[in-house]
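The file work-v4.json contains JSON, C-alpha atoms:
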[["chain", "number", "residue", "atom", "x", "y", "z"],
["O", 236, "MET", "CA", -35.24, 2.65, -66.24],
["O", 237, "ALA", "CA", -32.19, 0.50, -65.91],
["O", 238, "LEU", "CA", -29.61, -0.11, -68.57],
["O", 239, "SER", "CA", -30.04, -3.49, -70.23],
["O", 240, "ASN", "CA", -27.81, -6.35, -69.04],
["O", 241, "LYS", "CA", -25.76, -6.03, -72.24],
["O", 242, "GLU", "CA", -25.32, -2.29, -71.64],
["O", 243, "VAL", "CA", -24.36, -2.82, -67.99],
["O", 244, "ILE", "CA", -21.69, -5.33, -69.04],
["O", 245, "LEU", "CA", -20.35, -2.86, -71.60],
["O", 246, "PHE", "CA", -20.44, 0.02, -69.11],
["O", 247, "TYR", "CA", -18.43, -1.89, -66.53],
["O", 248, "LYS", "CA", -15.99, -3.23, -69.13],
["O", 249, "LEU", "CA", -15.17, 0.34, -70.20],
["O", 250, "TRP", "CA", -15.45, 1.95, -66.77],
["O", 251, "LEU", "CA", -13.24, -0.59, -65.01],
["O", 252, "SER", "CA", -10.68, -0.41, -67.82],
["O", 253, "LEU", "CA", -10.47, 3.36, -67.38],
["O", 254, "LEU", "CA", -10.26, 3.13, -63.58],
["O", 255, "GLN", "CA", -7.62, 0.42, -63.84],
["O", 256, "PHE", "CA", -5.60, 2.71, -66.13],
["O", 257, "VAL", "CA", -5.92, 5.61, -63.66],
["O", 258, "ASN", "CA", -4.93, 3.50, -60.68],
["O", 259, "ASN", "CA", -2.05, 1.74, -62.41],
["O", 260, "HIS", "CA", -0.61, 5.03, -63.71],
["O", 261, "TYR", "CA", -1.25, 7.27, -60.69],
["O", 262, "HIS", "CA", -1.17, 4.75, -57.80],
["O", 263, "ILE", "CA", -4.28, 5.99, -56.00],
["O", 264, "SER", "CA", -5.14, 2.79, -54.14],
["O", 265, "ASP", "CA", -3.08, -0.25, -53.17],
["O", 266, "SER", "CA", -6.22, -2.21, -52.28],
["O", 267, "LEU", "CA", -7.34, -2.67, -55.88],
["O", 268, "PRO", "CA", -6.02, -5.49, -58.06],
["O", 269, "LYS", "CA", -3.89, -4.59, -61.10],
["O", 270, "VAL", "CA", -6.62, -5.94, -63.39],
["O", 271, "LEU", "CA", -10.22, -4.89, -62.74],
["O", 272, "GLU", "CA", -12.50, -7.34, -64.50],
["O", 273, "GLN", "CA", -15.67, -7.49, -62.42],
["O", 274, "PRO", "CA", -17.26, -4.87, -60.17],
["O", 275, "VAL", "CA", -18.30, -7.51, -57.64],
["O", 276, "GLY", "CA", -16.09, -7.68, -54.57],
["O", 277, "LEU", "CA", -14.08, -4.54, -55.28],
["O", 278, "ASP", "CA", -13.32, -2.10, -52.47],
["O", 279, "VAL", "CA", -16.03, 0.52, -53.06],
["O", 280, "GLN", "CA", -14.13, 3.23, -51.19],
["O", 281, "ALA", "CA", -11.01, 2.57, -53.26],
["O", 282, "ILE", "CA", -13.05, 2.73, -56.48],
["O", 283, "ALA", "CA", -14.54, 6.03, -55.26],
["O", 284, "ARG", "CA", -11.05, 7.45, -54.60],
["O", 285, "VAL", "CA", -9.81, 6.45, -58.05],
["O", 286, "ALA", "CA", -12.94, 7.83, -59.73],
["O", 287, "SER", "CA", -12.62, 11.07, -57.74],
["O", 288, "TYR", "CA", -9.02, 11.45, -58.88],
["O", 289, "LEU", "CA", -10.12, 10.88, -62.47],
["O", 290, "PHE", "CA", -12.86, 13.50, -62.24],
["O", 291, "GLU", "CA", -10.39, 16.03, -60.83],
["O", 292, "HIS", "CA", -7.95, 15.28, -63.69],
["O", 293, "LEU", "CA", -10.10, 14.77, -66.79],
["O", 294, "ASN", "CA", -7.04, 15.05, -69.06],
["O", 295, "ILE", "CA", -6.42, 11.42, -68.04],
["O", 296, "VAL", "CA", -9.27, 10.43, -70.35],
["O", 297, "ASP", "CA", -7.22, 11.75, -73.29],
["O", 298, "GLU", "CA", -4.17, 9.82, -72.06],
["O", 299, "TYR", "CA", -6.27, 6.66, -71.89],
["O", 300, "LEU", "CA", -7.69, 7.24, -75.38],
["O", 301, "SER", "CA", -4.20, 7.78, -76.80],
["O", 302, "GLU", "CA", -2.85, 4.59, -75.26],
["O", 303, "ASN", "CA", -6.03, 2.52, -75.73],
["O", 304, "PRO", "CA", -4.58, -0.20, -73.47],
["O", 305, "ASP", "CA", -7.41, -2.66, -74.11],
["O", 306, "HIS", "CA", -7.50, -2.06, -77.87],
["O", 307, "PHE", "CA", -11.13, -0.96, -77.92],
["O", 308, "ASP", "CA", -12.78, -0.12, -81.23],
["O", 309, "ASP", "CA", -13.80, 3.43, -82.13],
["O", 310, "GLU", "CA", -17.36, 3.01, -80.83],
["O", 311, "LYS", "CA", -16.17, 2.03, -77.36],
["O", 312, "LEU", "CA", -13.53, 4.78, -77.33],
["O", 313, "GLU", "CA", -16.21, 7.33, -78.20],
["O", 314, "ILE", "CA", -18.23, 6.27, -75.15],
["O", 315, "ILE", "CA", -15.17, 6.78, -72.95],
["O", 316, "ARG", "CA", -14.47, 10.14, -74.65],
["O", 317, "THR", "CA", -17.90, 11.37, -73.54],
["O", 318, "TRP", "CA", -16.87, 10.80, -69.93],
["O", 319, "LYS", "CA", -14.88, 14.01, -70.15],
["O", 320, "TYR", "CA", -18.27, 15.65, -69.43],
["O", 321, "PRO", "CA", -19.29, 14.35, -66.00],
["O", 322, "VAL", "CA", -21.77, 16.14, -63.78],
["O", 323, "LYS", "CA", -20.53, 15.90, -60.18],
["O", 324, "GLY", "CA", -22.41, 16.89, -57.09],
["O", 325, "TYR", "CA", -25.41, 16.52, -54.89],
["O", 326, "PHE", "CA", -28.74, 15.68, -56.47],
["O", 327, "TYR", "CA", -32.27, 15.38, -55.21],
["O", 328, "VAL", "CA", -33.99, 12.20, -56.39],
["O", 329, "GLU", "CA", -37.35, 13.87, -56.95],
["O", 330, "ARG", "CA", -39.26, 10.95, -58.49],
["O", 331, "ILE", "CA", -38.66, 7.57, -60.08],
["O", 332, "LEU", "CA", -40.35, 6.87, -63.40],
["O", 333, "LYS", "CA", -40.16, 3.95, -65.83],
["O", 334, "LYS", "CA", -37.77, 5.93, -68.04],
["O", 335, "GLY", "CA", -35.44, 6.75, -65.11],
["O", 336, "ALA", "CA", -35.03, 8.69, -61.91],
["O", 337, "MET", "CA", -35.55, 12.44, -62.06],
["O", 338, "LEU", "CA", -32.52, 13.99, -60.38],
["O", 339, "ILE", "CA", -32.38, 17.70, -59.68],
["O", 340, "SER", "CA", -28.98, 19.30, -59.12],
["O", 341, "LEU", "CA", -28.45, 21.99, -56.50],
["O", 342, "ASP", "CA", -28.39, 24.55, -59.31],
["O", 343, "GLY", "CA", -31.82, 23.39, -60.51],
["O", 344, "GLU", "CA", -30.97, 21.30, -63.60],
["O", 345, "VAL", "CA", -33.26, 18.27, -64.04],
["O", 346, "TYR", "CA", -31.77, 14.99, -65.31],
["O", 347, "CYS", "CA", -33.38, 11.68, -66.27],
["O", 348, "VAL", "CA", -30.90, 9.04, -65.09],
["O", 349, "SER", "CA", -30.90, 5.29, -65.81],
["O", 350, "SER", "CA", -29.76, 2.90, -63.11],
["O", 351, "LEU", "CA", -27.09, 0.26, -63.54],
["O", 352, "VAL", "CA", -27.57, -3.03, -61.64],
["O", 353, "SER", "CA", -29.71, -1.99, -58.67],
["O", 354, "SER", "CA", -33.00, -0.22, -59.22],
["O", 355, "TRP", "CA", -33.37, 3.37, -58.05],
["O", 356, "GLU", "CA", -35.80, 2.17, -55.38],
["O", 357, "GLU", "CA", -33.10, -0.12, -53.97],
["O", 358, "MET", "CA", -30.46, 2.60, -54.13],
["O", 359, "VAL", "CA", -32.52, 5.07, -52.13],
["O", 360, "ARG", "CA", -33.52, 2.24, -49.81],
["O", 361, "ASN", "CA", -37.24, 2.73, -50.46],
["O", 362, "GLN", "CA", -37.22, 6.03, -48.55],
["O", 363, "SER", "CA", -39.90, 8.61, -49.19],
["O", 364, "LEU", "CA", -38.86, 10.96, -51.97],
["O", 365, "PRO", "CA", -37.23, 13.33, -52.40],
["O", 366, "VAL", "CA", -33.87, 12.22, -51.04],
["O", 367, "ILE", "CA", -30.48, 13.80, -51.61],
["O", 368, "ILE", "CA", -27.53, 11.80, -52.92],
["O", 369, "GLN", "CA", -23.98, 12.55, -54.00],
["O", 370, "THR", "CA", -22.80, 11.01, -57.26],
["O", 371, "VAL", "CA", -21.39, 11.69, -60.71],
["O", 372, "LEU", "CA", -23.60, 11.55, -63.78],
["O", 373, "LEU", "CA", -22.07, 10.20, -66.97],
["O", 374, "PRO", "CA", -23.22, 10.06, -70.56],
["O", 375, "PHE", "CA", -23.52, 6.49, -71.79],
["O", 376, "LYS", "CA", -24.49, 5.80, -75.38],
["O", 377, "ASP", "CA", -27.80, 7.66, -75.76],
["O", 378, "GLN", "CA", -28.62, 7.74, -72.04],
["O", 379, "ILE", "CA", -27.37, 9.17, -68.76],
["O", 380, "THR", "CA", -26.23, 6.95, -65.92],
["O", 381, "TYR", "CA", -23.99, 7.43, -62.90],
["O", 382, "ALA", "CA", -20.37, 6.53, -62.15],
["O", 383, "SER", "CA", -21.29, 3.31, -60.31],
["O", 384, "VAL", "CA", -20.68, 4.79, -56.84],
["O", 385, "MET", "CA", -22.86, 6.98, -54.64],
["O", 386, "GLN", "CA", -21.29, 8.63, -51.64],
["O", 387, "GLY", "CA", -22.98, 8.60, -48.26],
["O", 388, "GLU", "CA", -26.48, 7.62, -47.38],
["O", 389, "PRO", "CA", -29.58, 9.00, -49.10],
["O", 390, "VAL", "CA", -31.04, 11.73, -46.86],
["O", 391, "SER", "CA", -34.78, 12.46, -46.83],
["O", 392, "CYS", "CA", -36.06, 16.00, -47.28],
["O", 393, "GLY", "CA", -38.93, 17.91, -45.70],
["O", 394, "GLY", "CA", -42.24, 18.98, -47.20],
["O", 395, "GLY", "CA", -41.15, 22.51, -48.17],
["O", 396, "ILE", "CA", -38.27, 21.22, -50.26],
["O", 397, "GLN", "CA", -40.51, 18.50, -51.68],
["O", 398, "SER", "CA", -42.98, 21.03, -53.13],
["O", 399, "GLN", "CA", -40.17, 23.24, -54.50],
["O", 400, "LEU", "CA", -38.56, 20.27, -56.23],
["O", 401, "LYS", "CA", -41.86, 19.09, -57.64],
["O", 402, "GLU", "CA", -42.39, 22.53, -59.13],
["O", 403, "LYS", "CA", -38.86, 22.56, -60.64],
["O", 404, "TYR", "CA", -39.47, 19.16, -62.19],
["O", 405, "LEU", "CA", -42.88, 20.14, -63.61],
["O", 406, "LYS", "CA", -41.52, 23.44, -64.95],
["O", 407, "ALA", "CA", -38.61, 21.65, -66.68],
["O", 408, "LYS", "CA", -41.00, 19.04, -68.08],
["O", 409, "ARG", "CA", -43.38, 21.68, -69.48],
["O", 410, "ALA", "CA", -40.48, 23.59, -71.03],
["O", 411, "GLY", "CA", -38.84, 20.46, -72.50],
["O", 412, "GLN", "CA", -35.72, 21.17, -70.44],
["O", 413, "ILE", "CA", -35.17, 17.79, -68.81],
["O", 414, "ILE", "CA", -31.67, 16.62, -69.68],
["O", 415, "ASP", "CA", -32.51, 13.09, -70.71],
["O", 416, "THR", "CA", -29.93, 12.04, -73.29],
["O", 417, "ALA", "CA", -26.15, 11.81, -73.39],
["O", 418, "LYS", "CA", -26.11, 14.42, -76.16],
["O", 419, "ARG", "CA", -28.09, 16.94, -74.08],
["O", 420, "LEU", "CA", -25.86, 16.28, -71.05],
["O", 421, "ILE", "CA", -22.69, 16.92, -73.05],
["O", 422, "GLN", "CA", -24.16, 20.08, -74.64],
["O", 423, "SER", "CA", -25.19, 21.35, -71.20],
["O", 424, "GLU", "CA", -21.73, 20.75, -69.76],
["O", 425, "LYS", "CA", -19.97, 22.35, -72.75],
["O", 426, "ARG", "CA", -22.05, 25.51, -72.26],
["O", 427, "LYS", "CA", -20.81, 25.74, -68.66],
["O", 428, "VAL", "CA", -17.14, 25.70, -69.66]]
Do you think you could lay out the structure here as structure tokens?
Amino acid sequence: MALSNKEVILFYKLWLSLLQFVNNHYHISDSLPKVLEQPVGLDVQAIARVASYLFEHLNIVDEYLSENPDHFDDEKLEIIRTWKYPVKGYFYVERILKKGAMLISLDGEVYCVSSLVSSWEEMVRNQSLPVIIQTVLLPFKDQITYASVMQGEPVSCGGGIQSQLKEKYLKAKRAGQIIDTAKRLIQSEKRKV
């Protein structure tokens, strides 16, 4: 499933505001404009560097919330606050369902992740599943999405891995252990700390 157009607009409004704050305060990339209003046409590698810096220094989220440079209301600030619980790493895209892509982390957690603008099929370039990707999962309202950038190219996996991943997915599904909401993602990440 993809976020609705309204949700995508909200996601990028908040996400770009936070990245703009990070870049303007910590000077990560000179190739980004001082004001990030639209994701279209931005230097993807520069955005990835700024996001990476943010995820290595999550205390910046608190700085942003304290300053609230764009004067967001409490509801929008709460969405940004949840971004203190990202899930970074490599994930296998095991299957794509109507409700979202089933991503399995290298440690075996199964996540249901909504896409932003492009469909999951487009993002994995219609390759046979499973494929492995590198990204950052973020809570967003009552769903899980990703931090707008995927690193590298999706890499296809062999048959042995495919059957292992299918079994992990089915086991998580039977046990009700698929992390499919922002609340479950945050709870999972808090347990790891």
Name all residues at most 12 Å from Arg419 in chain O (count only C-alpha atoms; drop same-chain ones fewer than 6 positions away) and give them as a compact mmCIF listing (two decimals) with C-alpha atoms, in the coordinates of the input.
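Wrote result-v9.txt, looks like this:
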# COMPACT_ATOMS: atom_id res chain seq x y z
CA THR O 317 -17.90 11.37 -73.54
CA TYR O 320 -18.27 15.65 -69.43
CA GLU O 344 -30.97 21.30 -63.60
CA VAL O 345 -33.26 18.27 -64.04
CA TYR O 346 -31.77 14.99 -65.31
CA CYS O 347 -33.38 11.68 -66.27
CA LEU O 373 -22.07 10.20 -66.97
CA PRO O 374 -23.22 10.06 -70.56
CA PHE O 375 -23.52 6.49 -71.79
CA LYS O 376 -24.49 5.80 -75.38
CA ASP O 377 -27.80 7.66 -75.76
CA GLN O 378 -28.62 7.74 -72.04
CA ILE O 379 -27.37 9.17 -68.76
CA GLY O 411 -38.84 20.46 -72.50
CA GLN O 412 -35.72 21.17 -70.44
CA ILE O 413 -35.17 17.79 -68.81
CA LYS O 425 -19.97 22.35 -72.75
CA ARG O 426 -22.05 25.51 -72.26
Q.
Taking (-36.1, 8.1, -69.1) as a centre in this file's frame and 10 Å as the limit, can you find every polymer residue with an atom that close, using only C-alpha atoms, and give them as a PyMOL selection string?
A. chain O and resi 236-237+331-337+346-349+378-379+413-416
Okay, now the selection with C-alpha atoms, as a compact mmCIF listing (two decimals), in the coordinates of the input?
# COMPACT_ATOMS: atom_id res chain seq x y z
CA MET O 236 -35.24 2.65 -66.24
CA ALA O 237 -32.19 0.50 -65.91
CA ILE O 331 -38.66 7.57 -60.08
CA LEU O 332 -40.35 6.87 -63.40
CA LYS O 333 -40.16 3.95 -65.83
CA LYS O 334 -37.77 5.93 -68.04
CA GLY O 335 -35.44 6.75 -65.11
CA ALA O 336 -35.03 8.69 -61.91
CA MET O 337 -35.55 12.44 -62.06
CA TYR O 346 -31.77 14.99 -65.31
CA CYS O 347 -33.38 11.68 -66.27
CA VAL O 348 -30.90 9.04 -65.09
CA SER O 349 -30.90 5.29 -65.81
CA GLN O 378 -28.62 7.74 -72.04
CA ILE O 379 -27.37 9.17 -68.76
CA ILE O 413 -35.17 17.79 -68.81
CA ILE O 414 -31.67 16.62 -69.68
CA ASP O 415 -32.51 13.09 -70.71
CA THR O 416 -29.93 12.04 -73.29
Q: Write out as a PyMOL selection string each polymer residue whose atoms come within 10 Å of Lys248 in chain O, counting all atoms listed in the file; drop sequence neighbours fewer than 3 positions from it.
A: chain O and resi 242-245+251-253+271-274+305+311
Q: Report the distance between CA of His262 in chain O and CA of Tyr288 in chain O in Å, rounded to one decimal place.
A: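 Atom-to-atom, CA of His262 in chain O to CA of Tyr288 in chain O, that is 10.4 Å.
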Q.
I'd like the contact shell of Glu356 in chain O - 10 Å cut-off, only C-alpha atoms, skipping same-chain residues fewer than 6 positions apart - returned as an MDAnalysis selection string.
A. chainID O and resid 330:331 336 350 362:364
